[in-house]
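Notes follow once the structure below has been shown.
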Amino acid sequence: MSQVYLSLGSNIEREKNIRSCLRCLERKFGELTVSPVYESEPVGFKGSNFFNLVVGITTTLTISELNDVLKEIEDQHGRSRAGPKFSSRTLDIDIITYNELVGIHDGVELPRPELFYNAFVLLPMIDLCADQLEPKSGLPYRQLINQLPTRQNLEKVPF
């Protein structure tokens, strides 16, 4: 079994899509470890605020198989891939870490680069595993917060 952490985000019908996504992930992978939900401003474009969180799963799927399942869940939630990279999303699911792998595996860069520059990925990760060592730097996740290049306004929201 592989330990995987996923980043989830939505700024279109965000509560509905995040809750539905969590149900889909639970049906597929069983028990989930779920961080608090944060509200954050969009990065790279103007739009509605996002809900972001991190979810821990265990799986026997390969990275490629997992990525296909996640894309299917995004598609079931109306995800459009036709627009610009930085745009509003019904649902965005990214693999942050897969075990202790570092580098590009099956076309997925691990750990996901956003972990190192977006607080909306790092803070929920810290909530779940603050003292665990991040595989690329070898530092505990809690220490990475001081290395974020910019400050982002995040607010925990009741969920």
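Every chain in the structure tokens has a letter given in the order shown (A, B, ...), and although residue numbers restart at 1 in each chain, ligands are simply numbered from 1 in the order shown.
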Cut-off 8 Å: closest range 59-144 of chain A/range 28-39 of chain A atom pairs per residue, using only C-alpha atoms, as JSON lines:
```
{"residue": "A:Thr59", "atom": "CA", "partner": "A:Phe29", "partner_atom": "CA", "distance": 6.5}
{"residue": "A:Phe120", "atom": "CA", "partner": "A:Tyr38", "partner_atom": "CA", "distance": 6.9}
{"residue": "A:Pro124", "atom": "CA", "partner": "A:Ser35", "partner_atom": "CA", "distance": 5.4}
{"residue": "A:Met125", "atom": "CA", "partner": "A:Ser35", "partner_atom": "CA", "distance": 7.3}
{"residue": "A:Asp127", "atom": "CA", "partner": "A:Ser35", "partner_atom": "CA", "distance": 6.0}
{"residue": "A:Leu128", "atom": "CA", "partner": "A:Ser35", "partner_atom": "CA", "distance": 5.9}
```
Could you dump the residues just selected with N, CA and C atoms as a PDB file, in the first residue's frame?
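The resulting file, part_5.pdb, is shown below:
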```
ATOM      1  N   THR A  59      -3.338   3.480  -1.158  1.00  0.00           N
ATOM      2  CA  THR A  59      -3.794   2.852  -2.390  1.00  0.00           C
ATOM      3  C   THR A  59      -2.778   1.842  -2.900  1.00  0.00           C
ATOM      4  N   PHE A 120      -1.739  27.513   0.411  1.00  0.00           N
ATOM      5  CA  PHE A 120      -2.983  26.743   0.397  1.00  0.00           C
ATOM      6  C   PHE A 120      -2.746  25.250   0.170  1.00  0.00           C
ATOM      7  N   PRO A 124      -2.464  23.045   4.826  1.00  0.00           N
ATOM      8  CA  PRO A 124      -3.245  21.838   5.120  1.00  0.00           C
ATOM      9  C   PRO A 124      -2.359  20.596   5.268  1.00  0.00           C
ATOM     10  N   MET A 125      -1.241  20.570   4.549  1.00  0.00           N
ATOM     11  CA  MET A 125      -0.301  19.451   4.677  1.00  0.00           C
ATOM     12  C   MET A 125       0.305  19.463   6.084  1.00  0.00           C
ATOM     13  N   ASP A 127      -1.136  20.624   8.700  1.00  0.00           N
ATOM     14  CA  ASP A 127      -2.202  20.180   9.603  1.00  0.00           C
ATOM     15  C   ASP A 127      -2.239  18.654   9.719  1.00  0.00           C
ATOM     16  N   LEU A 128      -1.922  17.964   8.641  1.00  0.00           N
ATOM     17  CA  LEU A 128      -1.997  16.501   8.645  1.00  0.00           C
ATOM     18  C   LEU A 128      -0.711  15.831   9.115  1.00  0.00           C
TER      19      LEU A 128
END
```
Task: Those of range 95-146 of chain A in DSSP strand (DSSP E or B), formatted as a list in words - done: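 Checking each residue of range 95-146 of chain A, the strand (DSSP E or B) ones are Ile95, Ile96, Thr97, Tyr98, Gly103, Ile104, His105, Val108, Glu109, Leu110, Leu133 and Pro140 of chain A.
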Any chance you could export the current selection's N, CA and C atoms as a compact mmCIF listing (two decimals), in the first residue's frame?
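To be explicit, this is the file written out as part_15.txt:
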```
# COMPACT_ATOMS: atom_id res chain seq x y z
N ILE A 95 -1.84 15.20 -7.06
CA ILE A 95 -1.03 14.35 -6.18
C ILE A 95 0.11 15.21 -5.65
N ILE A 96 0.18 15.36 -4.31
CA ILE A 96 1.27 16.13 -3.70
C ILE A 96 2.46 15.22 -3.46
N THR A 97 2.22 14.09 -2.78
CA THR A 97 3.28 13.12 -2.54
C THR A 97 2.73 11.72 -2.75
N TYR A 98 3.61 10.83 -3.11
CA TYR A 98 3.31 9.41 -3.28
C TYR A 98 4.47 8.68 -2.62
N GLY A 103 11.01 13.35 -7.92
CA GLY A 103 11.29 13.40 -9.35
C GLY A 103 10.02 13.21 -10.15
N ILE A 104 10.19 12.99 -11.45
CA ILE A 104 9.04 12.82 -12.33
C ILE A 104 8.78 11.33 -12.50
N HIS A 105 7.58 10.92 -12.15
CA HIS A 105 7.16 9.53 -12.22
C HIS A 105 5.84 9.46 -12.97
N VAL A 108 4.21 12.71 -13.55
CA VAL A 108 3.80 13.50 -12.39
C VAL A 108 5.05 13.89 -11.59
N GLU A 109 5.23 15.19 -11.36
CA GLU A 109 6.37 15.65 -10.57
C GLU A 109 6.05 15.53 -9.08
N LEU A 110 6.94 14.84 -8.38
CA LEU A 110 6.76 14.59 -6.95
C LEU A 110 7.99 15.03 -6.17
N LEU A 133 8.77 14.08 7.55
CA LEU A 133 9.80 14.67 6.70
C LEU A 133 9.32 14.72 5.25
N PRO A 140 11.05 18.63 8.16
CA PRO A 140 9.65 18.47 8.55
C PRO A 140 8.79 19.51 7.83
```
- [ ] Go through chain A and collect every residue that DSSP, computed from the backbone, puts in alpha helix (DSSP H); the answer should be as number ranges by chain.
- [x] A: 14-29, 63-76, 119-129, 141-144
Task: Residue with smallest distance to Glu41 in chain A - pool A:Pro135, A:Ser88, A:Ile63, A:Leu115, counting only C-alpha atoms - done: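 Smallest distance to Glu41 in chain A is found for A:Ser88.
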Task: Among the residues A:Cys129, A:Val4, A:Leu123, A:Leu144, the one that comes closest to Ser40 in chain A [using only C-alpha atoms] - done: A:Leu123
TODO: May I have the residues within 9 Å of Gly47 in chain A as a PyMOL selection string, using only C-alpha atoms and disregarding those fewer than 2 positions away in the same chain?
DONE: chain A and resi 11+41-42+45+49-50+87-88
Kindly export the residues of the current selection with N, CA and C atoms, as a PDB file, in the first residue's frame.
```
ATOM      1  N   ASN A  11     -13.381  26.557  -6.774  1.00  0.00           N
ATOM      2  CA  ASN A  11     -13.953  27.891  -6.567  1.00  0.00           C
ATOM      3  C   ASN A  11     -15.262  28.073  -7.344  1.00  0.00           C
ATOM      4  N   GLU A  41      -7.510  33.233  -1.863  1.00  0.00           N
ATOM      5  CA  GLU A  41      -7.710  33.989  -3.088  1.00  0.00           C
ATOM      6  C   GLU A  41      -7.091  33.217  -4.244  1.00  0.00           C
ATOM      7  N   PRO A  42      -7.627  33.391  -5.451  1.00  0.00           N
ATOM      8  CA  PRO A  42      -7.030  32.710  -6.601  1.00  0.00           C
ATOM      9  C   PRO A  42      -5.617  33.234  -6.869  1.00  0.00           C
ATOM     10  N   PHE A  45      -4.883  34.702 -11.466  1.00  0.00           N
ATOM     11  CA  PHE A  45      -6.038  35.215 -12.195  1.00  0.00           C
ATOM     12  C   PHE A  45      -7.014  35.827 -11.203  1.00  0.00           C
ATOM     13  N   ASN A  49     -12.968  33.191  -4.626  1.00  0.00           N
ATOM     14  CA  ASN A  49     -12.051  32.508  -3.718  1.00  0.00           C
ATOM     15  C   ASN A  49     -12.231  30.997  -3.794  1.00  0.00           C
ATOM     16  N   PHE A  50     -11.163  30.294  -3.482  1.00  0.00           N
ATOM     17  CA  PHE A  50     -11.140  28.837  -3.488  1.00  0.00           C
ATOM     18  C   PHE A  50     -11.346  28.271  -2.098  1.00  0.00           C
ATOM     19  N   SER A  87      -7.271  29.421 -13.963  1.00  0.00           N
ATOM     20  CA  SER A  87      -8.665  29.808 -14.165  1.00  0.00           C
ATOM     21  C   SER A  87      -9.534  29.146 -13.106  1.00  0.00           C
ATOM     22  N   SER A  88     -10.783  29.535 -13.076  1.00  0.00           N
ATOM     23  CA  SER A  88     -11.717  28.959 -12.117  1.00  0.00           C
ATOM     24  C   SER A  88     -11.858  27.463 -12.364  1.00  0.00           C
TER      25      SER A  88
END
```
Task: Residues within 6 Å of Gly9 in chain A, only C-alpha atoms, excluding chain neighbours under 2 positions, as a list in words - done: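 The residues that qualify are Phe51, Asn52, Leu91 and Asp92 of chain A.
Picture a line from CA of Met1 in chain A to CA of Thr58 in chain A; it runs 6.0 Å.
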